[in-house]
>>> print(open('protein-v2.cif').read())   # mmCIF, C-alpha atoms
data_run
#
loop_
_atom_site.label_atom_id
_atom_site.label_comp_id
_atom_site.auth_asym_id
_atom_site.auth_seq_id
_atom_site.Cartn_x
_atom_site.Cartn_y
_atom_site.Cartn_z
CA MET A 1 -7.36 3.85 -25.06
CA HIS A 2 -9.28 6.76 -26.50
CA THR A 3 -11.63 6.08 -29.45
CA LYS A 4 -9.82 8.61 -31.64
CA THR A 5 -6.59 6.71 -31.11
CA MET A 6 -8.18 3.41 -32.06
CA GLU A 7 -9.91 4.87 -35.14
CA GLY A 8 -6.69 6.53 -36.29
CA LEU A 9 -4.56 3.42 -35.89
CA ILE A 10 -7.06 1.13 -37.59
CA GLY A 11 -7.72 3.58 -40.44
CA ALA A 12 -4.02 4.19 -41.09
CA ARG A 13 -3.27 0.47 -41.12
CA THR A 14 -6.16 -0.24 -43.50
CA ASP A 15 -5.10 2.50 -45.91
CA MET A 16 -1.51 1.28 -45.86
CA GLU A 17 -2.69 -2.23 -46.72
CA LEU A 18 -4.91 -0.82 -49.51
CA LEU A 19 -1.85 1.02 -50.83
CA ASN A 20 -0.29 -2.33 -51.75
CA THR A 21 -2.81 -3.01 -54.56
CA PRO A 22 -2.18 0.13 -56.66
CA PHE A 23 1.55 -0.29 -56.03
CA ARG A 24 1.42 -3.83 -57.43
CA VAL A 25 -0.57 -2.54 -60.44
CA TYR A 26 2.05 0.20 -60.94
CA LYS A 27 4.85 -2.39 -61.02
CA GLU A 28 2.99 -4.49 -63.58
CA ALA A 29 2.30 -1.42 -65.73
CA ARG A 30 5.95 -0.42 -65.57
CA LEU A 31 6.99 -3.84 -66.83
CA LYS A 32 4.54 -3.42 -69.75
CA ASN A 33 5.60 0.21 -70.31
CA ASP A 34 1.95 1.34 -69.92
CA THR A 35 2.30 4.93 -68.68
CA ALA A 36 -1.44 5.63 -68.50
CA MET A 37 -1.98 2.71 -66.15
CA MET A 38 1.07 3.78 -64.14
CA GLU A 39 -0.37 7.30 -63.72
CA ARG A 40 -3.78 5.96 -62.59
CA ALA A 41 -2.08 3.62 -60.11
CA MET A 42 0.04 6.51 -58.78
CA GLY A 43 -3.14 8.57 -58.33
CA TYR A 44 -4.74 5.81 -56.26
CA MET A 45 -1.54 5.42 -54.24
CA GLY A 46 -1.53 9.18 -53.49
CA ASP A 47 -5.17 9.07 -52.35
CA PHE A 48 -4.57 6.14 -50.01
CA HIS A 49 -1.41 7.74 -48.68
CA GLU A 50 -3.24 11.02 -47.92
CA GLU A 51 -6.01 9.13 -46.09
CA ALA A 52 -3.41 7.18 -44.11
CA CYS A 53 -1.75 10.48 -43.10
CA GLU A 54 -5.11 11.91 -41.99
CA TYR A 55 -5.77 8.83 -39.86
CA LYS A 56 -2.27 9.14 -38.42
CA GLU A 57 -3.00 12.72 -37.35
CA GLU A 58 -6.27 11.55 -35.76
CA ALA A 59 -4.36 8.84 -33.89
CA ASP A 60 -1.84 11.44 -32.68
CA GLU A 61 -4.66 13.66 -31.36
CA GLY A 62 -6.18 10.66 -29.60
CA MET A 63 -2.85 9.78 -28.02
CA LYS A 64 -2.48 13.36 -26.77
CA MET A 65 -5.95 13.13 -25.23
CA ASP A 66 -5.00 9.80 -23.63
CA ALA A 67 -1.85 11.33 -22.16
CA GLU A 68 -3.74 14.33 -20.76
CA GLU A 69 -6.39 12.08 -19.25
CA SER A 70 -3.74 9.82 -17.72
CA ARG A 71 -1.96 12.84 -16.22
CA ARG A 72 -5.23 14.15 -14.82
CA ILE A 73 -6.10 10.77 -13.27
CA ALA A 74 -2.61 10.41 -11.81
CA GLN A 75 -2.81 13.92 -10.31
CA GLU A 76 -6.20 13.14 -8.78
CA GLN A 77 -4.85 9.92 -7.27
CA ILE A 78 -1.89 11.77 -5.80
CA GLU A 79 -4.15 14.45 -4.34
CA GLU A 80 -6.44 11.77 -2.88
CA ALA A 81 -3.48 9.96 -1.31
CA VAL A 82 -2.20 13.22 0.19
CA ARG A 83 -5.65 14.03 1.57
CA LYS A 84 -6.01 10.57 3.13
CA ARG A 85 -2.54 10.76 4.64
CA ARG A 86 -3.31 14.21 6.08
CA GLU A 87 -6.55 12.91 7.63
CA GLU A 88 -4.75 9.90 9.12
CA ARG A 89 -2.09 12.16 10.59
CA GLU A 90 -4.71 14.49 12.09
CA LYS A 91 -6.56 11.51 13.63
CA LEU A 92 -3.30 10.17 15.06
CA GLU A 93 -2.41 13.58 16.51
CA GLU A 94 -5.88 13.84 18.09
CA LYS A 95 -5.51 10.35 19.56
CA LEU A 96 -2.07 11.18 20.96
CA GLU A 97 -3.41 14.41 22.43
CA GLU A 98 -6.28 12.51 24.08
CA GLU A 99 -3.82 9.98 25.51
CA ARG A 100 -1.65 12.81 26.87
CA ASN A 101 -4.69 14.44 28.42
CA ALA A 102 -5.81 11.11 29.85
CA ASP A 103 -2.34 10.53 31.35
CA THR A 104 -2.30 13.93 33.03
CA ASN A 105 -5.86 13.49 34.30
CA THR A 106 -5.12 10.12 35.90
CA ASP A 107 -2.08 11.51 37.68
CA THR A 108 -4.03 14.31 39.36
CA GLN A 109 -7.58 13.08 39.72
CA ASP A 110 -7.77 9.31 39.55
CA ALA A 111 -5.06 8.42 42.08
CA CYS A 112 -5.61 5.11 43.84
CA LEU A 113 -5.80 4.95 47.61
CA LEU A 114 -4.40 1.89 49.34
CA GLU A 115 -5.69 1.06 52.79
CA ILE A 116 -3.97 -1.51 54.97
CA SER A 117 -6.17 -3.37 57.42
CA GLU A 118 -5.32 -3.76 61.09
CA GLU A 119 -4.33 -7.37 60.49
CA GLY A 120 -1.99 -6.28 57.71
CA ARG A 121 -0.44 -3.61 59.92
CA GLY A 122 0.15 -6.22 62.58
CA LEU A 123 1.87 -8.53 60.08
CA LEU A 124 3.98 -5.65 58.84
CA LYS A 125 5.12 -4.83 62.37
CA ASP A 126 5.91 -8.49 63.09
CA ASN A 127 8.01 -8.87 59.94
CA THR A 128 9.97 -5.62 60.11
CA ASP A 129 13.10 -5.03 62.14
CA PRO A 130 12.32 -2.66 65.07
CA ASP A 131 15.98 -1.49 65.18
CA ASP A 132 15.81 -0.24 61.61
CA ALA A 133 13.52 2.76 61.99
CA GLY A 134 13.09 3.91 58.39
CA SER A 135 13.11 0.57 56.61
CA ASP A 136 9.96 -1.30 55.69
CA GLU A 137 11.75 -4.42 54.50
CA ILE A 138 10.04 -7.69 55.29
CA LYS A 139 12.02 -10.32 57.15
CA THR A 140 12.35 -13.71 55.56
CA ASP A 141 12.88 -16.91 57.43
CA ALA A 142 16.59 -17.61 57.47
CA VAL A 143 16.14 -21.35 57.58
CA LYS A 144 13.68 -22.90 55.21
CA LYS A 145 13.47 -26.56 54.53
CA PRO A 146 13.96 -27.48 50.89
CA VAL A 147 10.98 -29.09 49.19
CA THR A 148 10.39 -30.88 45.94
CA TYR A 149 7.25 -30.54 43.87
CA THR A 150 5.63 -33.54 42.19
CA LYS A 151 3.93 -33.54 38.80
CA THR A 152 0.59 -32.92 40.49
CA GLY A 153 1.93 -29.89 42.36
CA GLU A 154 2.18 -31.46 45.81
CA THR A 155 5.19 -30.76 47.99
CA VAL A 156 7.40 -33.56 49.17
CA PRO A 157 10.33 -33.08 51.60
CA ALA A 158 13.65 -33.13 49.76
CA GLY A 159 14.96 -36.32 51.36
CA GLN A 160 12.12 -38.61 50.24
CA THR A 161 12.79 -38.57 46.50
CA GLU A 162 14.77 -41.49 45.16
CA GLY A 163 15.50 -40.30 41.66
CA LEU A 164 15.38 -36.90 40.12
CA SER A 165 14.13 -36.34 36.59
CA VAL A 166 14.25 -32.92 35.02
CA SER A 167 12.75 -32.18 31.63
CA VAL A 168 12.79 -28.83 29.94
#
>>> encode(input="protein-v2.cif", output="structure tokens")
Amino acid sequence: MHTKTMEGLIGARTDMELLNTPFRVYKEARLKNDTAMMERAMGYMGDFHEEACEYKEEADEGMKMDAEESRRIAQEQIEEAVRKRREEREKLEEKLEEERNADTNTDTQDACLLEISEEGRGLLKDNTDPDDAGSDEIKTDAVKKPVTYTKTGETVPAGQTEGLSVSV
């Protein structure tokens, strides 16, 4: 809150409270039909009322200043948020561009080369069907004996287990 606003509000309130005293005196003078006292009391009431109006105007000016300052601060915050968002977006775009460039560079320059040893070539020839010229599928044994694994990870032939317990 601006100091002018506080001064205006406090001053106007004080003068309005001070206005009660001459008003009370005016009422008493009216009951006594004392016109001179009534006129003096009305003069004091007018003075206090004028001062209260001046303080009210000061409070209004202070409130206008508060509103302008609040608008300025809000505008600065909005501009700061926009600037930060723009910087974040630019950083993100740069990062995406670097990733795109990195992806294209790895495709052309950093290709991996796989070499198969002689032993591996021999295994590949043994496990592929010679009749199927273009296929590199690996043969699997058609008959495999079923095994059961114990809790320790050892294999036991399927016929040796007495009971079967499965827990999930």
>>> resolve_selection(input="protein-v2.cif", expression="the PyMOL selection byres ((chain A and resi 10) around 12)", output="tab-separated table (two decimals) with C-alpha atoms, keeping the file's coordinate frame")
chain	number	residue	atom	x	y	z
A	3	THR	CA	-11.63	6.08	-29.45
A	4	LYS	CA	-9.82	8.61	-31.64
A	5	THR	CA	-6.59	6.71	-31.11
A	6	MET	CA	-8.18	3.41	-32.06
A	7	GLU	CA	-9.91	4.87	-35.14
A	8	GLY	CA	-6.69	6.53	-36.29
A	9	LEU	CA	-4.56	3.42	-35.89
A	11	GLY	CA	-7.72	3.58	-40.44
A	12	ALA	CA	-4.02	4.19	-41.09
A	13	ARG	CA	-3.27	0.47	-41.12
A	14	THR	CA	-6.16	-0.24	-43.50
A	15	ASP	CA	-5.10	2.50	-45.91
A	16	MET	CA	-1.51	1.28	-45.86
A	17	GLU	CA	-2.69	-2.23	-46.72
A	51	GLU	CA	-6.01	9.13	-46.09
A	52	ALA	CA	-3.41	7.18	-44.11
A	54	GLU	CA	-5.11	11.91	-41.99
A	55	TYR	CA	-5.77	8.83	-39.86
A	56	LYS	CA	-2.27	9.14	-38.42
A	58	GLU	CA	-6.27	11.55	-35.76
A	59	ALA	CA	-4.36	8.84	-33.89
>>> axis_aligned_box(input="protein-v2.cif", around="range 10-24 of chain A", padding_each_side="8 Å", output="AutoDock Vina command-line options")
--center_x -3.1 --center_y 0.2 --center_z -47.5 --size_x 25.3 --size_y 24.0 --size_z 35.8
>>> atom_distance(input="protein-v2.cif", atom1="CA of Gly46 in chain A", atom2="CA of Phe23 in chain A")
10.3 Å
>>> atom_distance(input="protein-v2.cif", atom1="CA of Gly43 in chain A", atom2="CA of Glu61 in chain A")
27.5 Å
>>> atom_distance(input="protein-v2.cif", atom1="CA of Arg40 in chain A", atom2="CA of Asn20 in chain A")
14.1 Å
